[in-house]
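Chemist: Got a structure for you, written out below as structure tokens; questions coming shortly.
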Amino acid sequence: MNVRNYCKFEILSLPENISFARACVGAFASQLGCTIDEIEEVKLVVSEAVSNCIIHAYENRSNEIITIVISLLENRTLEIIIEDYGKGIEDIDSVLQPTYSSEPNRMGLGFTFMKSFMDDMEVLSKPGEGTSVQLKRSFLTKDKEAYA
Amino acid sequence: MNVRNYCKFEILSLPENISFARACVGAFASQLGCTIDEIEEVKLVVSEAVSNCIIHAYENRSNEIITIVISLLENRTLEIIIEDYGKGIEDIDSVLQPTYSSEPNRMGLGFTFMKSFMDDMEVLSKPGEGTSVQLKRSFLTKDKEAYA
Amino acid sequence: MDVELRQVRNTLIVRCEGELDMLVADKMRSEIDKKMDNNEIKNLILNMEKVSFIDSSGLGVILGRYKKISSKNGRMYIVGARPQVEKILYFSGINKLVSMCRNEQDVINLQGR
Amino acid sequence: MDVELRQVRNTLIVRCEGELDMLVADKMRSEIDKKMDNNEIKNLILNMEKVSFIDSSGLGVILGRYKKISSKNGRMYIVGARPQVEKILYFSGINKLVSMCRNEQDVINLQGR
Ligand SMILES: Nc1ncnc2c1ncn2[C@@H]1O[C@H](COP(=O)(O)OP(=O)(O)O)[C@@H](O)[C@H]1O
Ligand SMILES: Nc1ncnc2c1ncn2[C@@H]1O[C@H](COP(=O)(O)OP(=O)(O)O)[C@@H](O)[C@H]1O
């Protein structure tokens, strides 16, 4: 798919950058003319993915790097790729199960939110090298409904 | 100076990305707890620098890359570096003169705004290779006044 | 994120404001727990009128506080969640554990029964 | 950025809303000029009540319109600029060329004189 516009950014694994990442992705996605509700859903998804990089991939070390690439594709499609260079995931299928968490006081809902609020999610990971989460959503809902 | 936090981003030379760049830098700078007026001044400065990349460096070609690095340094100091890989500037001293513009219907106030609203501005450029504008501002105004 | 705590008899009222994500989750957890470890406290009211965002880190704090309150046989109430936030609370199923109320007065009415 | 144009006798009233930067400068310039090339128009009122941001690209549009109106011996007024925007207008010196007014009524009063 043709990329209409994209933005790539690199942030540090600091908790205060989670809201910054949400705000940036929200501002960029607004170029698609989404509703406020849609933007809020996208922000939630980004919040989950970036939090995962900090908590799981980097085990709360700051000073590590997270990269985010946001692309606006054809048909009002938003693609977000969130990447870390942290500890990686051994068994992707099992961590994708709803309520699975490796941390006792977390809810294991991060990936569930990502899957629910986006049309498509792909997780690539290599233990010891890092994880990349690719999320996609098309905002052609009106047309979709019309054709349904 | 020690970097407390930084963010690097890469955007395309599209006019719709000027407001996006403003919003991002504004959101990041707000981590310093600046006032709304201060954030507005920083946004203006970013708007000028990014517009210059699009209009002058890339002569309104889209699909070219602009990089922005925002750093939060010690003493509530904000550093913004805006870089393009466009046509460059032959004679930096003369373009920095207030009201100088190479375009007949522009005001030549971009660099004047940058200098006025920031504490420090440095322009590096190589004709044919690109331009880098480094801007700095410290928000320790209260202490400054107390020591003045 | 601002957190304001107030005790009314055996009920702890927590009013928070802002975005409830990982950055503030830890702070909020420890502030609430410090007060809650006071043995008098049996019930918890979480006023979310001014919360504009919540993610799973925020949900985790709520669920954890619910578990603590339940272990004391107390009750937990969430008050005034905005539609955006309410959607996420429902999505997570927390609304099945915690009583969702419009405002603090509704809780008092509920408790009165 | 939304631009709304209205003609009242020989005055063109332009109400704009949003952020006045390079993206919207071109659009605004061409919309105003299309109307202004109508020979009846002598004066221009730019209502900036709802403009939240302006940079030098926006200032360029204003200065250009001022020059056109002046060449017709007309007058230009800026109405309702917010403090943030007003600061930039003063900084650029545009306030010395254009009459700055609080609201559209003030302009009518000025014109009446
Ligand atoms: N970026 C990542 N790097 C390494 N492990 C991850 C990453 N993201 C998620 N995981 C693993 O997947 C599990 C499930 O993630 P998630 O659904 O977001 O729930 P939670 O964050 O609440 O644990 C995590 O507990 C963690 O073990
Ligand atoms: N990034 C850049 N690349 C090349 N030339 C530039 C760049 N930025 C500024 N210039 C030159 O410097 C001049 C002055 O810039 P500025 O003060 O921003 O005013 P203006 O943008 O209104 O022309 C421009 O007219 C242009 O010739």
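Here's how to read the names in the structure tokens: chain A, B, ... by the order shown, residue numbers from 1 in each chain, ligand numbers from 1 in the order shown.
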Near Phe20 in chain B, within 8 Å and counting only C-alpha atoms, which residues show up once chain neighbours fewer than 5 positions away are dropped, as a PyMOL selection string?
Modeler: chain A and resi 24+27-28
Chemist: Please produce a file of those selected residues containing all heavy atoms, as a CSV table (one decimal), in the first residue's frame.
Modeler:
chain,number,residue,atom,x,y,z
A,24,CYS,N,1.5,12.1,20.5
A,24,CYS,CA,2.0,12.3,19.1
A,24,CYS,C,1.2,11.4,18.1
A,24,CYS,O,0.9,11.9,17.0
A,24,CYS,CB,3.5,11.8,19.1
A,24,CYS,SG,4.6,13.0,19.9
A,27,ALA,N,-2.1,13.0,17.5
A,27,ALA,CA,-2.0,14.2,16.6
A,27,ALA,C,-1.8,13.7,15.2
A,27,ALA,O,-2.4,14.3,14.2
A,27,ALA,CB,-0.9,15.1,17.1
A,28,PHE,N,-1.0,12.7,14.9
A,28,PHE,CA,-0.7,12.3,13.6
A,28,PHE,C,-1.9,11.6,13.0
A,28,PHE,O,-2.3,11.9,11.8
A,28,PHE,CB,0.5,11.4,13.5
A,28,PHE,CG,1.2,11.3,12.2
A,28,PHE,CD1,1.9,12.4,11.8
A,28,PHE,CD2,1.1,10.2,11.4
A,28,PHE,CE1,2.6,12.4,10.5
A,28,PHE,CE2,1.7,10.2,10.1
A,28,PHE,CZ,2.5,11.2,9.7
Chemist: Hey, what does DSSP flag as helix (DSSP H, G or I) within range 32-68 of chain D? Can you give it to me as a list in words?
Modeler: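 Here is the list: Ile32, Asp33, Lys34, Lys35, Met36, Ser56, Ser57, Gly58, Leu59, Gly60, Val61, Ile62, Leu63, Gly64, Arg65, Tyr66, Lys67 and Lys68 of chain D.
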Chemist: For a test of reading the model, state the distance in Å between CA of Phe9 in chain B and CA of Ile36 in chain A, rounded to one decimal.
Modeler: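 The value is 24.4 Å.
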Chemist: Please provide chain A as a compact mmCIF listing (two decimals) with N, CA and C atoms, in the first residue's frame, once it has been superposed on chain B by least squares across all sequentially paired Cα atoms.
Modeler:
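Everything below was put into out26.txt:
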# COMPACT_ATOMS: atom_id res chain seq x y z
N MET A 1 26.21 19.27 28.78
CA MET A 1 25.08 19.17 29.72
C MET A 1 24.43 17.80 29.62
N ASN A 2 24.04 17.30 30.77
CA ASN A 2 23.37 16.01 30.82
C ASN A 2 22.01 16.04 30.13
N VAL A 3 21.71 15.02 29.37
CA VAL A 3 20.39 14.92 28.74
C VAL A 3 19.47 14.13 29.66
N ARG A 4 18.40 14.76 30.11
CA ARG A 4 17.44 14.10 30.99
C ARG A 4 16.48 13.24 30.19
N ASN A 5 16.12 13.73 29.04
CA ASN A 5 15.17 13.01 28.19
C ASN A 5 15.34 13.59 26.79
N TYR A 6 15.12 12.77 25.79
CA TYR A 6 15.16 13.32 24.45
C TYR A 6 14.22 12.54 23.57
N CYS A 7 13.93 13.11 22.42
CA CYS A 7 13.09 12.45 21.45
C CYS A 7 13.58 12.88 20.08
N LYS A 8 13.67 11.91 19.19
CA LYS A 8 14.12 12.24 17.85
C LYS A 8 13.01 11.89 16.89
N PHE A 9 12.63 12.78 16.01
CA PHE A 9 11.68 12.33 15.00
C PHE A 9 11.93 12.83 13.61
N GLU A 10 11.41 12.04 12.72
CA GLU A 10 11.65 12.18 11.29
C GLU A 10 10.28 12.37 10.66
N ILE A 11 10.12 13.48 9.92
CA ILE A 11 8.83 13.70 9.25
C ILE A 11 9.07 14.02 7.79
N LEU A 12 8.03 13.93 7.00
CA LEU A 12 8.10 14.30 5.59
C LEU A 12 7.85 15.80 5.44
N SER A 13 8.38 16.35 4.36
CA SER A 13 8.27 17.79 4.10
C SER A 13 6.90 18.18 3.55
N LEU A 14 5.86 17.81 4.29
CA LEU A 14 4.49 18.15 3.89
C LEU A 14 3.96 19.27 4.78
N PRO A 15 3.24 20.22 4.19
CA PRO A 15 2.73 21.33 5.01
C PRO A 15 1.88 20.87 6.19
N GLU A 16 1.15 19.75 6.04
CA GLU A 16 0.31 19.30 7.16
C GLU A 16 1.14 18.80 8.34
N ASN A 17 2.43 18.55 8.11
CA ASN A 17 3.27 18.10 9.22
C ASN A 17 3.83 19.24 10.06
N ILE A 18 3.61 20.47 9.63
CA ILE A 18 4.10 21.60 10.42
C ILE A 18 3.35 21.66 11.76
N SER A 19 2.01 21.54 11.68
CA SER A 19 1.25 21.59 12.93
C SER A 19 1.52 20.35 13.78
N PHE A 20 1.77 19.23 13.12
CA PHE A 20 2.13 18.02 13.86
C PHE A 20 3.44 18.22 14.63
N ALA A 21 4.43 18.80 13.95
CA ALA A 21 5.73 19.04 14.60
C ALA A 21 5.56 19.99 15.79
N ARG A 22 4.78 21.05 15.59
CA ARG A 22 4.50 21.98 16.70
C ARG A 22 3.89 21.24 17.88
N ALA A 23 2.88 20.42 17.59
CA ALA A 23 2.17 19.72 18.67
C ALA A 23 3.12 18.79 19.43
N CYS A 24 3.97 18.07 18.69
CA CYS A 24 4.89 17.13 19.34
C CYS A 24 5.89 17.85 20.23
N VAL A 25 6.50 18.89 19.68
CA VAL A 25 7.49 19.61 20.47
C VAL A 25 6.82 20.24 21.69
N GLY A 26 5.62 20.78 21.49
CA GLY A 26 4.87 21.34 22.62
C GLY A 26 4.61 20.30 23.70
N ALA A 27 4.19 19.11 23.27
CA ALA A 27 3.89 18.05 24.24
C ALA A 27 5.15 17.63 24.99
N PHE A 28 6.26 17.55 24.28
CA PHE A 28 7.50 17.13 24.94
C PHE A 28 8.00 18.22 25.89
N ALA A 29 7.97 19.46 25.42
CA ALA A 29 8.46 20.57 26.24
C ALA A 29 7.65 20.71 27.52
N SER A 30 6.37 20.27 27.47
CA SER A 30 5.52 20.42 28.65
C SER A 30 6.04 19.59 29.82
N GLN A 31 6.92 18.62 29.53
CA GLN A 31 7.54 17.87 30.63
C GLN A 31 8.40 18.77 31.51
N LEU A 32 8.80 19.94 30.99
CA LEU A 32 9.58 20.89 31.79
C LEU A 32 8.67 21.74 32.68
N GLY A 33 7.37 21.53 32.57
CA GLY A 33 6.43 22.31 33.36
C GLY A 33 6.41 23.78 32.98
N CYS A 34 6.58 24.08 31.70
CA CYS A 34 6.53 25.48 31.25
C CYS A 34 5.10 25.99 31.29
N THR A 35 4.97 27.29 31.22
CA THR A 35 3.64 27.90 31.13
C THR A 35 3.10 27.73 29.71
N ILE A 36 1.81 27.95 29.55
CA ILE A 36 1.19 27.85 28.23
C ILE A 36 1.80 28.87 27.28
N ASP A 37 2.07 30.07 27.78
CA ASP A 37 2.69 31.10 26.95
C ASP A 37 4.06 30.65 26.44
N GLU A 38 4.83 30.04 27.32
CA GLU A 38 6.15 29.57 26.92
C GLU A 38 6.04 28.47 25.86
N ILE A 39 5.11 27.56 26.07
CA ILE A 39 4.90 26.49 25.09
C ILE A 39 4.50 27.09 23.74
N GLU A 40 3.65 28.11 23.77
CA GLU A 40 3.21 28.74 22.53
C GLU A 40 4.40 29.36 21.79
N GLU A 41 5.32 29.95 22.53
CA GLU A 41 6.50 30.53 21.89
C GLU A 41 7.37 29.46 21.26
N VAL A 42 7.52 28.35 21.96
CA VAL A 42 8.30 27.24 21.42
C VAL A 42 7.64 26.69 20.16
N LYS A 43 6.32 26.60 20.18
CA LYS A 43 5.60 26.11 19.00
C LYS A 43 5.81 27.01 17.80
N LEU A 44 5.80 28.33 18.05
CA LEU A 44 6.01 29.28 16.96
C LEU A 44 7.37 29.06 16.32
N VAL A 45 8.36 28.92 17.17
CA VAL A 45 9.73 28.74 16.72
C VAL A 45 9.86 27.48 15.85
N VAL A 46 9.22 26.40 16.29
CA VAL A 46 9.26 25.15 15.54
C VAL A 46 8.55 25.32 14.20
N SER A 47 7.44 26.03 14.24
CA SER A 47 6.67 26.28 13.02
C SER A 47 7.54 27.00 11.99
N GLU A 48 8.29 27.99 12.44
CA GLU A 48 9.16 28.75 11.53
C GLU A 48 10.25 27.87 10.94
N ALA A 49 10.90 27.10 11.81
CA ALA A 49 12.03 26.30 11.34
C ALA A 49 11.57 25.21 10.38
N VAL A 50 10.46 24.55 10.70
CA VAL A 50 9.98 23.47 9.82
C VAL A 50 9.46 24.06 8.51
N SER A 51 8.76 25.19 8.58
CA SER A 51 8.30 25.84 7.34
C SER A 51 9.49 26.17 6.45
N ASN A 52 10.56 26.66 7.04
CA ASN A 52 11.76 26.99 6.25
C ASN A 52 12.32 25.77 5.53
N CYS A 53 12.33 24.63 6.20
CA CYS A 53 12.81 23.40 5.55
C CYS A 53 11.97 23.11 4.32
N ILE A 54 10.66 23.22 4.45
CA ILE A 54 9.76 22.87 3.35
C ILE A 54 9.88 23.88 2.21
N ILE A 55 9.80 25.17 2.57
CA ILE A 55 9.77 26.22 1.55
C ILE A 55 11.13 26.44 0.91
N HIS A 56 12.14 26.64 1.77
CA HIS A 56 13.44 27.04 1.25
C HIS A 56 14.34 25.84 0.93
N ALA A 57 14.52 24.95 1.91
CA ALA A 57 15.46 23.86 1.70
C ALA A 57 14.96 22.93 0.59
N TYR A 58 13.69 22.59 0.62
CA TYR A 58 13.16 21.61 -0.34
C TYR A 58 12.28 22.24 -1.42
N GLU A 59 12.18 23.56 -1.43
CA GLU A 59 11.41 24.28 -2.44
C GLU A 59 10.05 23.62 -2.71
N ASN A 60 9.37 23.32 -1.61
CA ASN A 60 8.01 22.77 -1.64
C ASN A 60 7.88 21.36 -2.20
N ARG A 61 8.99 20.65 -2.36
CA ARG A 61 8.87 19.22 -2.69
C ARG A 61 8.43 18.47 -1.43
N SER A 62 7.43 17.61 -1.58
CA SER A 62 7.10 16.76 -0.44
C SER A 62 8.00 15.53 -0.56
N ASN A 63 7.84 14.58 0.34
CA ASN A 63 8.65 13.35 0.27
C ASN A 63 10.11 13.52 0.59
N GLU A 64 10.48 14.69 1.11
CA GLU A 64 11.84 14.86 1.61
C GLU A 64 11.78 14.77 3.14
N ILE A 65 12.92 14.54 3.75
CA ILE A 65 12.91 14.26 5.19
C ILE A 65 13.42 15.43 6.04
N ILE A 66 12.72 15.66 7.12
CA ILE A 66 13.13 16.65 8.12
C ILE A 66 13.31 15.90 9.44
N THR A 67 14.44 16.12 10.11
CA THR A 67 14.58 15.47 11.43
C THR A 67 14.58 16.53 12.52
N ILE A 68 13.94 16.16 13.61
CA ILE A 68 13.84 17.05 14.76
C ILE A 68 14.32 16.28 15.98
N VAL A 69 15.24 16.87 16.72
CA VAL A 69 15.68 16.26 17.97
C VAL A 69 15.38 17.24 19.09
N ILE A 70 14.59 16.80 20.05
CA ILE A 70 14.26 17.65 21.19
C ILE A 70 14.93 17.03 22.41
N SER A 71 15.67 17.83 23.16
CA SER A 71 16.30 17.31 24.36
C SER A 71 15.96 18.17 25.57
N LEU A 72 15.74 17.51 26.68
CA LEU A 72 15.55 18.22 27.94
C LEU A 72 16.86 18.09 28.71
N LEU A 73 17.53 19.22 28.90
CA LEU A 73 18.83 19.22 29.56
C LEU A 73 18.68 19.70 31.00
N GLU A 74 19.81 19.80 31.67
CA GLU A 74 19.77 20.29 33.05
C GLU A 74 19.22 21.71 33.12
N ASN A 75 18.86 22.13 34.31
CA ASN A 75 18.37 23.49 34.54
C ASN A 75 17.17 23.85 33.66
N ARG A 76 16.29 22.89 33.50
CA ARG A 76 15.08 23.13 32.69
C ARG A 76 15.44 23.77 31.35
N THR A 77 16.44 23.21 30.70
CA THR A 77 16.82 23.74 29.39
C THR A 77 16.30 22.83 28.28
N LEU A 78 15.68 23.48 27.31
CA LEU A 78 15.14 22.78 26.15
C LEU A 78 16.06 23.02 24.97
N GLU A 79 16.43 21.96 24.28
CA GLU A 79 17.23 22.12 23.07
C GLU A 79 16.46 21.49 21.91
N ILE A 80 16.35 22.21 20.81
CA ILE A 80 15.65 21.69 19.64
C ILE A 80 16.59 21.81 18.45
N ILE A 81 16.80 20.70 17.76
CA ILE A 81 17.62 20.75 16.54
C ILE A 81 16.76 20.33 15.37
N ILE A 82 16.67 21.20 14.38
CA ILE A 82 15.84 20.92 13.21
C ILE A 82 16.75 20.87 11.99
N GLU A 83 16.69 19.75 11.29
CA GLU A 83 17.68 19.50 10.25
C GLU A 83 17.02 19.12 8.93
N ASP A 84 17.54 19.67 7.84
CA ASP A 84 17.08 19.22 6.53
C ASP A 84 18.30 18.84 5.69
N TYR A 85 18.03 18.17 4.58
CA TYR A 85 19.10 17.72 3.70
C TYR A 85 18.88 18.36 2.32
N GLY A 86 18.46 19.63 2.39
CA GLY A 86 18.06 20.35 1.19
C GLY A 86 19.14 21.25 0.64
N LYS A 87 18.73 22.36 0.05
CA LYS A 87 19.67 23.13 -0.76
C LYS A 87 20.74 23.90 0.03
N GLY A 88 20.52 24.10 1.33
CA GLY A 88 21.54 24.78 2.12
C GLY A 88 21.54 26.29 1.95
N ILE A 89 22.37 26.96 2.73
CA ILE A 89 22.43 28.42 2.72
C ILE A 89 23.86 28.85 2.37
N GLU A 90 23.98 29.74 1.41
CA GLU A 90 25.31 30.21 0.97
C GLU A 90 25.93 31.14 2.01
N ASP A 91 25.19 32.20 2.33
CA ASP A 91 25.74 33.22 3.22
C ASP A 91 24.83 33.34 4.44
N ILE A 92 25.21 32.64 5.50
CA ILE A 92 24.34 32.57 6.68
C ILE A 92 24.12 33.95 7.29
N ASP A 93 25.20 34.75 7.43
CA ASP A 93 25.04 36.05 8.07
C ASP A 93 23.96 36.91 7.42
N SER A 94 23.92 36.88 6.10
CA SER A 94 22.94 37.77 5.46
C SER A 94 21.51 37.27 5.60
N VAL A 95 21.29 35.95 5.58
CA VAL A 95 19.90 35.47 5.72
C VAL A 95 19.38 35.67 7.14
N LEU A 96 20.29 35.84 8.10
CA LEU A 96 19.86 36.04 9.49
C LEU A 96 19.38 37.47 9.75
N GLN A 97 19.63 38.39 8.83
CA GLN A 97 19.17 39.78 8.99
C GLN A 97 17.64 39.81 9.04
N PRO A 98 17.09 40.57 10.01
CA PRO A 98 15.63 40.68 10.08
C PRO A 98 15.07 41.20 8.76
N THR A 99 13.96 40.67 8.37
CA THR A 99 13.21 40.99 7.14
C THR A 99 13.92 40.54 5.86
N TYR A 100 15.10 39.91 5.96
CA TYR A 100 15.68 39.34 4.74
C TYR A 100 14.88 38.11 4.34
N SER A 101 14.47 38.04 3.09
CA SER A 101 13.89 36.82 2.56
C SER A 101 14.25 36.67 1.10
N SER A 102 14.52 35.44 0.69
CA SER A 102 14.80 35.19 -0.72
C SER A 102 13.50 35.06 -1.52
N GLU A 103 12.36 35.05 -0.82
CA GLU A 103 11.07 34.93 -1.50
C GLU A 103 10.32 36.25 -1.40
N PRO A 104 9.84 36.77 -2.53
CA PRO A 104 9.24 38.11 -2.49
C PRO A 104 8.03 38.22 -1.54
N ASN A 105 7.19 37.19 -1.45
CA ASN A 105 6.02 37.38 -0.58
C ASN A 105 6.14 36.77 0.81
N ARG A 106 7.38 36.57 1.26
CA ARG A 106 7.56 36.17 2.65
C ARG A 106 8.16 37.33 3.45
N MET A 107 8.04 37.24 4.77
CA MET A 107 8.36 38.41 5.58
C MET A 107 9.79 38.46 6.08
N GLY A 108 10.49 37.34 6.00
CA GLY A 108 11.86 37.34 6.51
C GLY A 108 11.92 37.48 8.02
N LEU A 109 10.89 36.97 8.70
CA LEU A 109 10.86 37.08 10.16
C LEU A 109 11.12 35.76 10.87
N GLY A 110 11.28 34.67 10.09
CA GLY A 110 11.43 33.35 10.71
C GLY A 110 12.61 33.29 11.68
N PHE A 111 13.77 33.62 11.21
CA PHE A 111 14.96 33.58 12.08
C PHE A 111 14.86 34.61 13.21
N THR A 112 14.21 35.74 12.91
CA THR A 112 14.05 36.76 13.95
C THR A 112 13.19 36.22 15.11
N PHE A 113 12.11 35.53 14.76
CA PHE A 113 11.29 34.90 15.80
C PHE A 113 12.10 33.87 16.57
N MET A 114 12.85 33.05 15.84
CA MET A 114 13.63 32.01 16.52
C MET A 114 14.62 32.62 17.51
N LYS A 115 15.31 33.68 17.06
CA LYS A 115 16.28 34.32 17.93
C LYS A 115 15.61 34.99 19.12
N SER A 116 14.44 35.61 18.87
CA SER A 116 13.79 36.39 19.93
C SER A 116 13.19 35.51 21.01
N PHE A 117 12.63 34.35 20.61
CA PHE A 117 11.92 33.56 21.59
C PHE A 117 12.78 32.45 22.20
N MET A 118 14.00 32.32 21.72
CA MET A 118 14.90 31.34 22.32
C MET A 118 16.10 32.10 22.89
N ASP A 119 16.84 31.45 23.77
CA ASP A 119 18.02 32.11 24.34
C ASP A 119 19.20 32.04 23.38
N ASP A 120 19.22 31.01 22.56
CA ASP A 120 20.41 30.78 21.74
C ASP A 120 20.01 30.12 20.43
N MET A 121 20.60 30.57 19.34
CA MET A 121 20.33 29.95 18.03
C MET A 121 21.64 29.78 17.29
N GLU A 122 21.84 28.59 16.73
CA GLU A 122 23.02 28.39 15.88
C GLU A 122 22.57 27.77 14.57
N VAL A 123 23.04 28.33 13.47
CA VAL A 123 22.68 27.80 12.16
C VAL A 123 23.93 27.26 11.49
N LEU A 124 23.87 25.97 11.13
CA LEU A 124 24.97 25.36 10.38
C LEU A 124 24.42 24.97 9.02
N SER A 125 25.17 25.22 7.96
CA SER A 125 24.64 24.88 6.65
C SER A 125 25.77 24.64 5.67
N LYS A 126 25.51 23.72 4.75
CA LYS A 126 26.43 23.51 3.63
C LYS A 126 25.60 23.55 2.35
N PRO A 127 25.90 24.48 1.45
CA PRO A 127 25.14 24.52 0.20
C PRO A 127 25.11 23.15 -0.46
N GLY A 128 23.94 22.74 -0.87
CA GLY A 128 23.79 21.44 -1.52
C GLY A 128 23.66 20.27 -0.57
N GLU A 129 23.94 20.48 0.71
CA GLU A 129 23.87 19.36 1.64
C GLU A 129 22.79 19.50 2.70
N GLY A 130 22.51 20.74 3.08
CA GLY A 130 21.44 20.91 4.05
C GLY A 130 21.78 21.88 5.15
N THR A 131 20.82 22.03 6.05
CA THR A 131 20.91 23.04 7.10
C THR A 131 20.48 22.44 8.42
N SER A 132 21.12 22.89 9.47
CA SER A 132 20.74 22.45 10.80
C SER A 132 20.61 23.68 11.68
N VAL A 133 19.46 23.83 12.31
CA VAL A 133 19.22 24.97 13.19
C VAL A 133 19.13 24.43 14.61
N GLN A 134 19.99 24.96 15.47
CA GLN A 134 20.01 24.49 16.85
C GLN A 134 19.50 25.61 17.74
N LEU A 135 18.46 25.32 18.51
CA LEU A 135 17.82 26.33 19.34
C LEU A 135 17.84 25.89 20.79
N LYS A 136 18.04 26.82 21.69
CA LYS A 136 18.09 26.48 23.10
C LYS A 136 17.35 27.52 23.93
N ARG A 137 16.67 27.03 24.93
CA ARG A 137 16.06 27.97 25.86
C ARG A 137 15.98 27.35 27.25
N SER A 138 16.34 28.14 28.24
CA SER A 138 16.25 27.67 29.60
C SER A 138 15.02 28.31 30.24
N PHE A 139 14.28 27.51 31.00
CA PHE A 139 13.05 28.02 31.62
C PHE A 139 13.25 28.32 33.10
N LEU A 140 14.50 28.60 33.46
CA LEU A 140 14.79 28.95 34.85
C LEU A 140 14.53 30.43 35.09
N THR A 141 13.58 31.02 34.37
CA THR A 141 13.39 32.47 34.43
C THR A 141 13.20 32.99 35.85
N LYS A 142 12.45 32.27 36.65
CA LYS A 142 12.20 32.75 38.01
C LYS A 142 13.51 32.96 38.75
N ASP A 143 14.37 31.95 38.74
CA ASP A 143 15.65 32.06 39.42
C ASP A 143 16.48 33.17 38.80
N LYS A 144 16.46 33.22 37.47
CA LYS A 144 17.23 34.25 36.77
C LYS A 144 16.85 35.62 37.30
N GLU A 145 15.54 35.87 37.39
CA GLU A 145 15.08 37.17 37.86
C GLU A 145 15.55 37.41 39.30
N ALA A 146 15.47 36.36 40.07
CA ALA A 146 15.87 36.50 41.47
C ALA A 146 17.35 36.88 41.59
N TYR A 147 18.15 36.33 40.69
CA TYR A 147 19.59 36.59 40.76
C TYR A 147 20.01 37.84 39.99
N ALA A 148 19.05 38.44 39.26
CA ALA A 148 19.43 39.55 38.37
C ALA A 148 19.78 40.81 39.17
Chemist: Can you tell me which residues surround range 21-29 of chain C at a distance of at most 7 Å, considering only C-alpha atoms, apart from same-chain residues fewer than 6 positions away, and format the answer as JSON, numbers by chain?
Modeler: {"A": [15, 16, 51], "C": [1, 3, 54, 55, 57, 58, 61]}
Chemist: Where in chain B does DSSP assign strand (DSSP E or B), given as number ranges by chain?
Modeler: B: 3-12, 65-73, 77-84, 120-126, 130-138
Chemist: Would you pick out the contacts of Arg6 in chain C at 10 Å or less, using only C-alpha atoms, so that residues sharing its chain but fewer than 3 positions from it are not included, and give the list as a list in words?
Modeler: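 My list of contacting residues is Arg9, Thr11, Leu12, Ile13, Val14, Arg15, Lys35 and Ile45 of chain C.
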Chemist: Would you mind exporting C-alpha atoms of the selected residues as a CSV table (one decimal), in the first residue's frame?
Modeler:
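And here is the file that came out, again_28.csv:
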chain,number,residue,atom,x,y,z
C,9,ARG,CA,-16.1,7.4,58.7
C,11,THR,CA,-14.9,5.0,53.8
C,12,LEU,CA,-11.9,6.3,51.8
C,13,ILE,CA,-12.8,8.7,49.0
C,14,VAL,CA,-10.2,9.0,46.3
C,15,ARG,CA,-10.6,11.8,43.7
C,35,LYS,CA,-4.3,5.2,53.8
C,45,ILE,CA,-14.9,5.3,46.6
Chemist: Return the single residue from C:Ser52, C:Lys68, C:Ser92, C:Glu31 that is closest to ligand 1, with distances computed using only C-alpha atoms and all ligand atoms.
Modeler: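 The shortest atom-to-atom distance to ligand 1 comes from C:Ser92.
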Chemist: Can you pull out every residue within 10 Å of Arg65 in chain D, counting only C-alpha atoms, but drop anything in the same chain fewer than 6 positions away, and send it as a PyMOL selection string?
Modeler: chain D and resi 29+32-33+36+44+46+59+71+76
Chemist: Do you have the CA of Glu19 in chain C-CA of Val85 in chain C distance handy?
Modeler: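 Separation of CA of Glu19 in chain C and CA of Val85 in chain C: 10.1 Å.
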